[in-house]
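Just my_file_17.cif here, mmCIF, C-alpha atoms:
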data_my_file
loop_
_atom_site.label_atom_id
_atom_site.label_comp_id
_atom_site.auth_asym_id
_atom_site.auth_seq_id
_atom_site.Cartn_x
_atom_site.Cartn_y
_atom_site.Cartn_z
CA MET A 1 -7.92 8.68 16.31
CA THR A 2 -6.76 11.70 14.28
CA ARG A 3 -4.01 9.60 12.70
CA PHE A 4 -6.60 7.10 11.44
CA ASN A 5 -8.80 9.77 9.93
CA THR A 6 -5.91 11.55 8.28
CA HIS A 7 -4.65 8.50 6.42
CA MET A 8 -8.10 7.06 5.79
CA GLN A 9 -9.03 10.37 4.18
CA THR A 10 -6.15 9.86 1.76
CA ALA A 11 -7.36 6.32 1.07
CA LEU A 12 -10.88 7.67 0.46
CA PHE A 13 -9.43 10.22 -1.98
CA GLU A 14 -7.79 7.34 -3.88
CA ALA A 15 -11.09 5.41 -3.85
CA GLU A 16 -12.94 8.41 -5.28
CA ALA A 17 -10.31 8.75 -8.00
CA ALA A 18 -10.73 5.05 -8.81
CA ALA A 19 -14.50 5.53 -9.13
CA ASP A 20 -13.91 8.46 -11.49
CA ARG A 21 -11.86 6.10 -13.69
CA GLY A 22 -14.69 3.53 -13.68
CA GLU A 23 -12.90 1.25 -11.23
CA VAL A 24 -14.41 -0.25 -8.10
CA PRO A 25 -13.78 2.54 -5.56
CA VAL A 26 -11.14 1.15 -3.23
CA GLY A 27 -8.14 3.14 -2.05
CA ALA A 28 -5.08 2.22 -0.02
CA VAL A 29 -2.23 4.06 1.71
CA VAL A 30 1.01 2.62 3.14
CA VAL A 31 2.49 4.62 6.01
CA SER A 32 5.98 4.10 7.44
CA ALA A 33 6.62 3.52 11.14
CA SER A 34 7.63 7.20 11.36
CA GLY A 35 4.26 8.30 9.93
CA GLN A 36 5.42 9.16 6.40
CA ILE A 37 3.17 8.16 3.51
CA LEU A 38 5.24 5.78 1.40
CA ALA A 39 2.64 5.07 -1.29
CA GLN A 40 -1.01 5.43 -2.11
CA ALA A 41 -3.15 3.89 -4.83
CA GLY A 42 -6.64 3.13 -6.02
CA ASN A 43 -7.93 0.13 -7.92
CA ARG A 44 -6.73 -0.13 -11.53
CA THR A 45 -7.81 -3.64 -12.55
CA ARG A 46 -9.78 -2.50 -15.61
CA GLU A 47 -7.35 0.20 -16.67
CA LEU A 48 -4.35 -2.16 -16.53
CA ASN A 49 -6.23 -5.32 -17.58
CA ASP A 50 -4.72 -6.89 -14.47
CA PRO A 51 -6.80 -8.83 -11.96
CA THR A 52 -4.09 -8.26 -9.32
CA ALA A 53 -4.13 -4.45 -9.64
CA HIS A 54 -6.09 -3.97 -6.43
CA ALA A 55 -5.39 -0.77 -4.51
CA GLU A 56 -3.58 -2.66 -1.75
CA ILE A 57 -1.30 -4.56 -4.14
CA LEU A 58 -0.40 -1.41 -6.06
CA ALA A 59 0.31 0.51 -2.85
CA LEU A 60 2.40 -2.34 -1.42
CA ARG A 61 4.44 -2.61 -4.65
CA ALA A 62 5.08 1.13 -4.73
CA ALA A 63 6.01 1.27 -1.03
CA CYS A 64 8.42 -1.65 -1.43
CA ALA A 65 10.06 0.19 -4.32
CA VAL A 66 10.44 3.31 -2.15
CA VAL A 67 12.10 1.44 0.72
CA GLY A 68 14.08 -0.90 -1.55
CA SER A 69 12.85 -4.09 0.11
CA GLU A 70 10.11 -6.68 -0.20
CA ARG A 71 9.38 -6.16 3.50
CA LEU A 72 7.56 -3.20 5.00
CA THR A 73 8.29 -4.04 8.63
CA GLY A 74 6.64 -1.56 10.96
CA ALA A 75 4.47 0.00 8.24
CA ASP A 76 0.72 0.50 8.42
CA LEU A 77 -1.80 -0.03 5.63
CA TYR A 78 -5.03 1.95 5.45
CA VAL A 79 -7.63 0.65 3.00
CA THR A 80 -11.23 1.67 2.45
CA LEU A 81 -12.60 -1.87 2.10
CA GLU A 82 -11.85 -5.13 3.89
CA PRO A 83 -9.03 -6.72 1.87
CA CYS A 84 -9.66 -9.82 -0.25
CA PRO A 85 -7.68 -13.03 0.42
CA MET A 86 -5.05 -12.15 -2.23
CA CYS A 87 -4.38 -8.76 -0.67
CA ALA A 88 -4.37 -10.18 2.86
CA ALA A 89 -1.71 -12.71 1.85
CA ALA A 90 0.37 -9.95 0.24
CA MET A 91 0.15 -7.89 3.45
CA SER A 92 1.36 -10.86 5.46
CA ASN A 93 4.25 -11.44 3.06
CA ALA A 94 5.18 -7.73 3.23
CA ARG A 95 5.12 -7.90 7.05
CA ILE A 96 2.67 -5.02 7.44
CA ALA A 97 2.47 -4.17 11.16
CA ARG A 98 -1.07 -2.79 11.29
CA LEU A 99 -4.04 -2.91 8.95
CA TYR A 100 -6.79 -0.30 9.25
CA TYR A 101 -9.80 -0.83 7.01
CA GLY A 102 -13.13 0.87 6.52
CA ALA A 103 -16.12 -1.04 5.18
CA SER A 104 -16.56 -4.78 5.71
CA ASP A 105 -16.88 -6.95 2.60
CA PRO A 106 -19.20 -9.91 3.27
CA LYS A 107 -18.94 -11.05 -0.37
CA SER A 108 -15.18 -10.96 -1.03
CA GLY A 109 -13.43 -10.10 2.22
CA GLY A 110 -10.59 -12.23 3.50
CA ILE A 111 -9.95 -10.85 6.99
CA GLU A 112 -13.13 -10.98 9.09
CA GLN A 113 -15.22 -12.64 6.37
CA GLY A 114 -14.68 -15.66 4.13
CA PRO A 115 -11.36 -17.48 4.50
CA ARG A 116 -9.99 -15.29 7.34
CA VAL A 117 -6.47 -15.48 5.95
CA PHE A 118 -4.73 -14.29 9.12
CA ASP A 119 -6.29 -17.13 11.15
CA HIS A 120 -4.57 -19.87 9.11
CA PRO A 121 -1.48 -21.57 10.54
CA GLN A 122 0.19 -21.15 7.12
CA CYS A 123 0.05 -17.37 7.56
CA HIS A 124 3.63 -16.42 8.47
CA HIS A 125 2.89 -12.92 9.78
CA VAL A 126 -0.31 -11.49 11.22
CA PRO A 127 -0.71 -7.73 11.42
CA GLU A 128 -2.79 -6.00 14.06
CA VAL A 129 -6.20 -5.40 12.48
CA TYR A 130 -8.52 -2.45 13.14
CA GLU A 131 -11.79 -2.48 11.24
CA GLY A 132 -14.48 0.14 10.79
CA ILE A 133 -12.15 3.15 10.41
CA GLY A 134 -14.01 5.46 8.03
CA ALA A 135 -16.53 2.71 7.30
CA GLU A 136 -19.51 4.98 6.60
CA PRO A 137 -18.03 7.12 3.81
CA ALA A 138 -16.27 4.08 2.31
CA ALA A 139 -19.49 2.05 2.25
CA ALA A 140 -21.45 5.00 0.85
CA LEU A 141 -18.95 5.43 -1.98
CA LEU A 142 -19.21 1.75 -2.90
CA LYS A 143 -23.02 1.78 -2.70
CA THR A 144 -23.28 4.83 -4.95
CA PHE A 145 -20.82 3.36 -7.44
CA PHE A 146 -22.71 0.08 -7.79
CA GLU A 147 -26.11 1.79 -7.92
CA CYS A 148 -24.88 3.94 -10.81
CA LEU A 149 -23.39 0.89 -12.52
CA ARG A 150 -26.70 -1.04 -12.30
CA GLY A 151 -28.58 2.01 -13.59
CA GLN A 152 -26.65 2.06 -16.87
#

Represent the structure of the file as structure tokens.
Amino acid sequence: MTRFNTHMQTALFEAEAAADRGEVPVGAVVVSASGQILAQAGNRTRELNDPTAHAEILALRAACAVVGSERLTGADLYVTLEPCPMCAAAMSNARIARLYYGASDPKSGGIEQGPRVFDHPQCHHVPEVYEGIGAEPAAALLKTFFECLRGQ
């Protein structure tokens, strides 16, 4: 369990940094099969004016650049919030081995909620999925962010 907390803490750090930039606080970390952090990112959709600049997509892109391949076979992805359908599809295409996520996302999630991307026969690769890792601090960060946003 220590491994989960260590990398989820890094993802939470990225989520907090995203919140400080005015972005929805989601953070992601890609870890190699040997345990090395390949990339980490937080949401940047507003900053980059890019609807695809989710934390997971940015971390996957950066990790692929590090390894020099479009595939991240054997790598793990830690993310603070249940990935949306777009990010789930990207993880499948990147061949992520294991996905660890914190808070569930009943509104926009694509793993355990909504379209359940990994359950579709068109999904070419299905990672192992572990939910609820660091869920409480991730959910609290999101709740605080949206409460502050509504208060403005």

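Each of A:Asp20, A:Glu131, A:Glu14, A:Glu70 was compared to Phe145 of chain A using all atoms listed in the file, and A:Asp20 turns out to be the nearest.
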
(request) Would you write out, as a ChimeraX atom specification, every residue that the PyMOL selection byres ((chain A and resi 104-106) around 9) captures in this file? (result) /A:80-84,101-103,107-110,112-114,131-132,135,139

(request) Given the file shown, determine the residues that the PyMOL selection byres ((chain A and resi 33) around 10) selects; report them as JSON, numbers by chain. (result) {"A": [30, 31, 32, 34, 35, 36, 37, 72, 73, 74, 75, 76, 97, 98]}

(message) Evaluated on this file, the PyMOL selection byres ((chain A and resi 92) around 7) picks out some residues - which ones are they, written as a list of chain:residue names?
(response) A:Ala88, A:Ala89, A:Ala90, A:Met91, A:Asn93, A:Ala94, A:Arg95, A:Ile96, A:Cys123, A:His124, A:His125, A:Val126

Same residues, C-alpha atoms, saved as a PDB file, in the frame of the given file:
ATOM      1  CA  ALA A  88      -4.370 -10.180   2.860  1.00  0.00           C
ATOM      2  CA  ALA A  89      -1.710 -12.710   1.850  1.00  0.00           C
ATOM      3  CA  ALA A  90       0.370  -9.950   0.240  1.00  0.00           C
ATOM      4  CA  MET A  91       0.150  -7.890   3.450  1.00  0.00           C
ATOM      5  CA  ASN A  93       4.250 -11.440   3.060  1.00  0.00           C
ATOM      6  CA  ALA A  94       5.180  -7.730   3.230  1.00  0.00           C
ATOM      7  CA  ARG A  95       5.120  -7.900   7.050  1.00  0.00           C
ATOM      8  CA  ILE A  96       2.670  -5.020   7.440  1.00  0.00           C
ATOM      9  CA  CYS A 123       0.050 -17.370   7.560  1.00  0.00           C
ATOM     10  CA  HIS A 124       3.630 -16.420   8.470  1.00  0.00           C
ATOM     11  CA  HIS A 125       2.890 -12.920   9.780  1.00  0.00           C
ATOM     12  CA  VAL A 126      -0.310 -11.490  11.220  1.00  0.00           C
TER      13      VAL A 126
END

(request) Record the distance separating atom CA of His120 of chain A and atom CA of Thr45 of chain A, expressed in Å with one decimal. (result) 27.3 Å

(request) In Å, rounded to a single decimal, give me how far atom CA of Pro85 of chain A is from atom CA of His54 of chain A. (result) 11.5 Å

(message) Nearest residue to Val79 of chain A out of A:Ala41, A:Val66, A:Val117, A:Leu142, using all atoms listed in the file?
(response)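 Among the listed residues, the smallest separation from Val79 of chain A belongs to A:Ala41.
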
(request) Can you work out which one of A:Leu77, A:Thr6, A:Lys143, A:Ala55 has the shortest atom-to-atom distance to Tyr130 of chain A, counting all atoms listed in the file? (result)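 Among the listed residues, the smallest separation from Tyr130 of chain A belongs to A:Leu77.
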
(message) Would you compute the distance between atom CA of Gly68 of chain A and atom CA of Val129 of chain A? Give it in Å to one decimal.
(response)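 Computing it gives 25.1 Å between the two atoms.
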
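Residue nearest Leu38 of chain A within the list A:Leu141, A:Ile111, A:Val26, A:Val67: A:Val67 [criterion: smallest interatomic distance, only C-alpha atoms].
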
(request) Kindly indicate which residue among A:Phe146, A:Tyr100, A:Phe118, A:Tyr78 lies nearest to Phe13 of chain A, using all atoms listed in the file for the distances. (result) A:Tyr78

Segment 122-133 of chain A, all listed atoms, 6 Å padding on each side: what axis-aligned box centre and edge lengths in Å to one decimal come out, as JSON?
{"center_x": -5.4, "center_y": -9.0, "center_z": 10.6, "size_x": 30.1, "size_y": 36.3, "size_z": 18.9}
